[in-house]
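A.B. asks: One structure, as structure tokens, below. Some questions next.
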Amino acid sequence: MMQSSRVPPDLMLWGLIPLLAGLALIGTGSPSTWLTLTVAGLAMGMMLFIIASGLTLVFGLMDVLNFGHGVFIATGAFVATTVLGPEWFGRSGGWLLAPQAALQIAAVLVAMAIAMGVTAGLGLVFERIIIRPVYGQHLKQILITMGGMIVVEELIKSIWGSQQIPLPLPEALRGAFILGDAAIERFRVLAVLIGLVVLVALSVILARTKIGLLVRAGVEDREMVESLGYPVRRLFVAVFVAGSALAGLGGVLWGLYQQTITAQIGAQVNVLIFIVIIMGGLGSVTGSFLAAILVGLMANYTGFLAPKLALFSNIGLMVAVLAWRPQGLRPLTTVR
Amino acid sequence: MNTPLLRLAGLNTHIGSYHILHGVDLEVPSGCVMMLLGRNGAGKTTCLRTIMQHWRCSAGVVVFDEIDLTALEPSGVARLGIAYVPENMGIFSDLTVRENMLLAARSARHESQIDRGRLDRLFEQFPALKRFWQSPAGSLSGGQKQMLAIARALVEPRRLLLIDEPSKGLAPAIVASLMAAIEQARQEGTTILMVEQNLEVAARLGDYYAVMDNGRIVQQGAMSALVADPALQNRLLGFSLAAGSGQAAH
């Protein structure tokens, strides 16, 4: 006999996005302003999702609370300043002033790839030195990962200096597409596209490959995955490294979005990331995606409609979601 | 008795500050079904979990085919050909039945690589699995979940099955189909160590029995001897087959 599912219908959950957008349309009263804000919110949401997806899997798979996830964001952004910096190849102004738009965009993509490689390597070291000694000890995980973040921030300062560093957009990504009366920034369209590529890639890997199957099963019951003959710890290291690389990618996007970066950029984004993974349901990639989009939209709508409330709007959103669904939007069945 | 495939000697297990197993000595003969009996809290589940290395023993040895399992991780134990069906069945509820089976078939990367003959036989034994092949395993009933748990253990050839109370809380018809599948595995040469509270089931499947109490093996022998002796059943288990259900009332 089949039993009914305890999770509310997906339609209701995904309906939250058009509901929020609809309320904002009424609030703004201007379709063009609404469209600009919505694209900006989607871009921000995609960046948050890219960063949060790895963190939520790391928690789901090994019950590890990594408060140091921000180091990968910061490292990714700083690596991008070096790759895109003026000192390369003798070009005055570096790759960003290359004559062709395609070359400028290619330079940004190369910076993203290198940032992902560096943060993947950093993730491997971070897992070995910081995370592995504190498996299963939540309080120590919080303390040591926060400590690790401070150490890496200081290392960043010693390499790149403690001043703000510009991370300008290349000419090809500046400006906006004009759609009717709405201005849609080019960079935000690129951020949405990259976010969609990451979402599709993650979905395909998790749903269609055996390694994805193992990750999903491990999030639910890692002991049983071990019982079936798969070493979960090795799987966890792979997920941690992949999550670090994605955070590095998110760091490049976030840095380009802010256009100036400091060593604390990771810590600043960390708060939003934790709101996203808690709201989404710890361990749930789909939940994180949904929550990230809601957080991105909420930040942009309230920033326009009620700037004084903007700072608290996402915390308010998280409180409302948790009051409705204490385990988050898409909780997973877990065996601990 | 055949050569032992699995041997536990002086096995002690602590869980936190609790001392659960107090020197378990047990030999499971190759190709036979050994039933582990005893009241709740006697240490039967701990025994299976210690064999799988989910809990580490504090003293003693676990030897499988002359390999010391205490030096391995649980995944390494499983790769020796040991399948474990825990008491909670260990079903991945968010995964479909197909995905659960694919994970259990370690050598298969895709569904098409699962041994078709074995799969068809499992579908014959458990038709519900075929019917709900693409359904989330969490939506199955308790009996169907137990069928999936057993099918997962049998989807590849195994040398040893560790099964924890497969009949618990299930309807007789479902228990019968589970027992038929386990019996077939035995006929194929798989050695089985099974925890069971239902003495009728134990008597039907078991070649040998071992009774645990307070973390020790207090009696072991041929199942036929236990079945033939209601007084022994009463003394060891507090009930007898002749008296009624054959089910422990703990």
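Going by the structure tokens order, chains are called A, B, ..., each with residues numbered from 1, while ligands are numbered from 1 in the order shown.
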Could the residues of chain B within 6 Å of chain A, counting only C-alpha atoms, be given as a list in words, please?
C.D. replies: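 Per the criterion, chain B yields Pro74, Ser75, Ala78, Arg79, Gly90, Ala104, Ser139, Leu140 and Ser141 of chain B.
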A.B. asks: For the interface of stretch 268-297 of chain A with stretch 182-202 of chain A (cut-off 12 Å, counting only C-alpha atoms), please tabulate each contacting residue of stretch 268-297 of chain A alongside its nearest pair of atoms and their separation in Å to one decimal, rows sorted by chain and increasing number, as CSV.
C.D. replies:
residue,atom,partner,partner_atom,distance
A:Ser284,CA,A:Leu202,CA,12.0
A:Val285,CA,A:Leu202,CA,8.6
A:Thr286,CA,A:Leu199,CA,9.1
A:Ser288,CA,A:Leu199,CA,10.7
A:Phe289,CA,A:Leu199,CA,8.1
A:Leu290,CA,A:Leu199,CA,11.2
A:Ala292,CA,A:Gly195,CA,11.0
A:Ile293,CA,A:Val192,CA,10.6
A:Gly296,CA,A:Val192,CA,11.6
A.B. asks: Taking the chain letters and numbering used in this document, name the residues of stretch 14-102 of chain A that DSSP puts in alpha helix (DSSP H), as a VMD selection string.
C.D. replies: chain A and resid 14 16 to 28 31 to 62 70 to 83 101 to 102
A.B. asks: Got a sec: who's within 10 Å of stretch 170-180 of chain A, counting only C-alpha atoms, leaving out chain neighbours fewer than 6 positions off, as a VMD selection string?
C.D. replies: chain A and resid 31 to 32 35 to 36 84 94 to 105 107 to 108 186 to 190 256
A.B. asks: When you look at stretch 61-66 of chain B with a cut-off of 9 Å (counting only C-alpha atoms), what residues show up, excluding the ones that are within fewer than 2 positions of it in the same chain? I need them as a ChimeraX atom specification.
C.D. replies: /B:4-12,50-51,57,59,68-70,80
A.B. asks: Name the residues of stretch 126-209 of chain B that fall into strand (DSSP E or B) according to DSSP on the backbone, using the chain letters and numbers of this document, as a list in words.
C.D. replies: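 Here are the strand (DSSP E or B) residues of stretch 126-209 of chain B: Pro136, Leu160, Leu161, Leu162, Ile163, Asp164, Thr191, Ile192, Leu193, Met194, Val195, Asn198, Tyr208 and Tyr209 of chain B.
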A.B. asks: Can you pull out the residues contacting B:Leu193? Cut-off 8 Å, using only C-alpha atoms, and skip same-chain residues under 4 positions away; I want them as an mmCIF file with N, CA and C atoms, in the first residue's frame.
C.D. replies:
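Result saved to selection.cif:
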data_model
loop_
_atom_site.group_PDB
_atom_site.id
_atom_site.type_symbol
_atom_site.label_atom_id
_atom_site.label_comp_id
_atom_site.auth_asym_id
_atom_site.auth_seq_id
_atom_site.Cartn_x
_atom_site.Cartn_y
_atom_site.Cartn_z
ATOM 1 N N VAL B 28 30.016 -19.159 12.881
ATOM 2 C CA VAL B 28 28.928 -19.358 11.929
ATOM 3 C C VAL B 28 29.451 -20.249 10.801
ATOM 4 N N VAL B 33 22.516 -21.450 8.025
ATOM 5 C CA VAL B 33 21.773 -20.336 8.603
ATOM 6 C C VAL B 33 21.868 -20.438 10.117
ATOM 7 N N MET B 34 22.464 -19.417 10.712
ATOM 8 C CA MET B 34 22.585 -19.361 12.173
ATOM 9 C C MET B 34 21.592 -18.323 12.687
ATOM 10 N N MET B 35 20.739 -18.751 13.619
ATOM 11 C CA MET B 35 19.755 -17.833 14.188
ATOM 12 C C MET B 35 20.273 -17.306 15.518
ATOM 13 N N LEU B 36 20.242 -15.993 15.668
ATOM 14 C CA LEU B 36 20.659 -15.384 16.923
ATOM 15 C C LEU B 36 19.386 -15.006 17.673
ATOM 16 N N LEU B 160 28.026 -13.640 2.836
ATOM 17 C CA LEU B 160 27.422 -13.658 4.173
ATOM 18 C C LEU B 160 26.333 -12.597 4.247
ATOM 19 N N LEU B 161 25.168 -12.998 4.761
ATOM 20 C CA LEU B 161 24.089 -12.035 5.004
ATOM 21 C C LEU B 161 23.922 -11.857 6.500
ATOM 22 N N LEU B 162 23.887 -10.610 6.941
ATOM 23 C CA LEU B 162 23.570 -10.298 8.339
ATOM 24 C C LEU B 162 22.204 -9.630 8.320
ATOM 25 N N ILE B 163 21.213 -10.272 8.909
ATOM 26 C CA ILE B 163 19.838 -9.756 8.817
ATOM 27 C C ILE B 163 19.280 -9.585 10.226
#
A.B. asks: Considering only C-alpha atoms, return as a list in words whatever protein or nucleic-acid residues lie within 6 Å of A:Gly280, sequence-local ones (same chain, fewer than 6 positions apart) excluded.
C.D. replies: Gly287, Ser288, Ala291, Gly328, Leu329 and Arg330 of chain A
A.B. asks: Could the residues in this selection be saved with N, CA and C atoms as a PDB file, in the first residue's frame?
C.D. replies:
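Contents of part_14.pdb, as written:
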ATOM      1  N   GLY A 287      16.049  22.702  -2.142  1.00  0.00           N
ATOM      2  CA  GLY A 287      15.607  23.667  -1.135  1.00  0.00           C
ATOM      3  C   GLY A 287      16.488  24.897  -1.133  1.00  0.00           C
ATOM      4  N   SER A 288      17.796  24.696  -1.276  1.00  0.00           N
ATOM      5  CA  SER A 288      18.728  25.830  -1.305  1.00  0.00           C
ATOM      6  C   SER A 288      18.465  26.722  -2.503  1.00  0.00           C
ATOM      7  N   ALA A 291      15.296  28.700  -1.810  1.00  0.00           N
ATOM      8  CA  ALA A 291      15.537  29.714  -0.778  1.00  0.00           C
ATOM      9  C   ALA A 291      16.425  30.837  -1.310  1.00  0.00           C
ATOM     10  N   GLY A 328      12.550  23.581   7.294  1.00  0.00           N
ATOM     11  CA  GLY A 328      12.928  24.217   6.039  1.00  0.00           C
ATOM     12  C   GLY A 328      11.967  23.860   4.923  1.00  0.00           C
ATOM     13  N   LEU A 329      12.187  24.505   3.756  1.00  0.00           N
ATOM     14  CA  LEU A 329      11.243  24.344   2.653  1.00  0.00           C
ATOM     15  C   LEU A 329      11.217  22.929   2.101  1.00  0.00           C
ATOM     16  N   ARG A 330      12.394  22.329   1.910  1.00  0.00           N
ATOM     17  CA  ARG A 330      12.459  20.971   1.334  1.00  0.00           C
ATOM     18  C   ARG A 330      13.269  20.064   2.251  1.00  0.00           C
TER      19      ARG A 330
END
A.B. asks: Hey, what's within 7 Å of stretch 143-152 of chain B if we count only C-alpha atoms and toss same-chain stuff fewer than 3 positions away? As a PDB file with C-alpha atoms, in the first residue's frame, please?
C.D. replies:
ATOM      1  CA  VAL B  85      20.014  -5.592   6.531  1.00  0.00           C
ATOM      2  CA  MET B  89      15.807  -1.667   6.997  1.00  0.00           C
ATOM      3  CA  ILE B  91      15.955   2.135   2.950  1.00  0.00           C
ATOM      4  CA  MET B 101      18.663  -1.333  -6.093  1.00  0.00           C
ATOM      5  CA  ALA B 104      23.158  -2.050  -3.838  1.00  0.00           C
ATOM      6  CA  LEU B 122      13.675 -10.880  -7.174  1.00  0.00           C
ATOM      7  CA  PHE B 126       8.615  -9.523  -4.627  1.00  0.00           C
ATOM      8  CA  ALA B 128       5.615  -5.058  -5.554  1.00  0.00           C
ATOM      9  CA  LEU B 129       9.177  -3.960  -6.294  1.00  0.00           C
ATOM     10  CA  LEU B 140       6.205   1.972   0.202  1.00  0.00           C
ATOM     11  CA  VAL B 155      20.894  -8.212  -5.937  1.00  0.00           C
ATOM     12  CA  PRO B 166      13.231  -9.184   9.093  1.00  0.00           C
ATOM     13  CA  LEU B 170       4.898  -7.891   9.250  1.00  0.00           C
ATOM     14  CA  ILE B 174       4.887 -11.059   3.636  1.00  0.00           C
ATOM     15  CA  LEU B 178      10.787 -12.930   2.753  1.00  0.00           C
TER      16      LEU B 178
END
A.B. asks: Rounded to one decimal place, report the atom CA of A:Ile277-atom CA of A:Ile156 distance in Å.
C.D. replies: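 So the answer is 26.2 Å.
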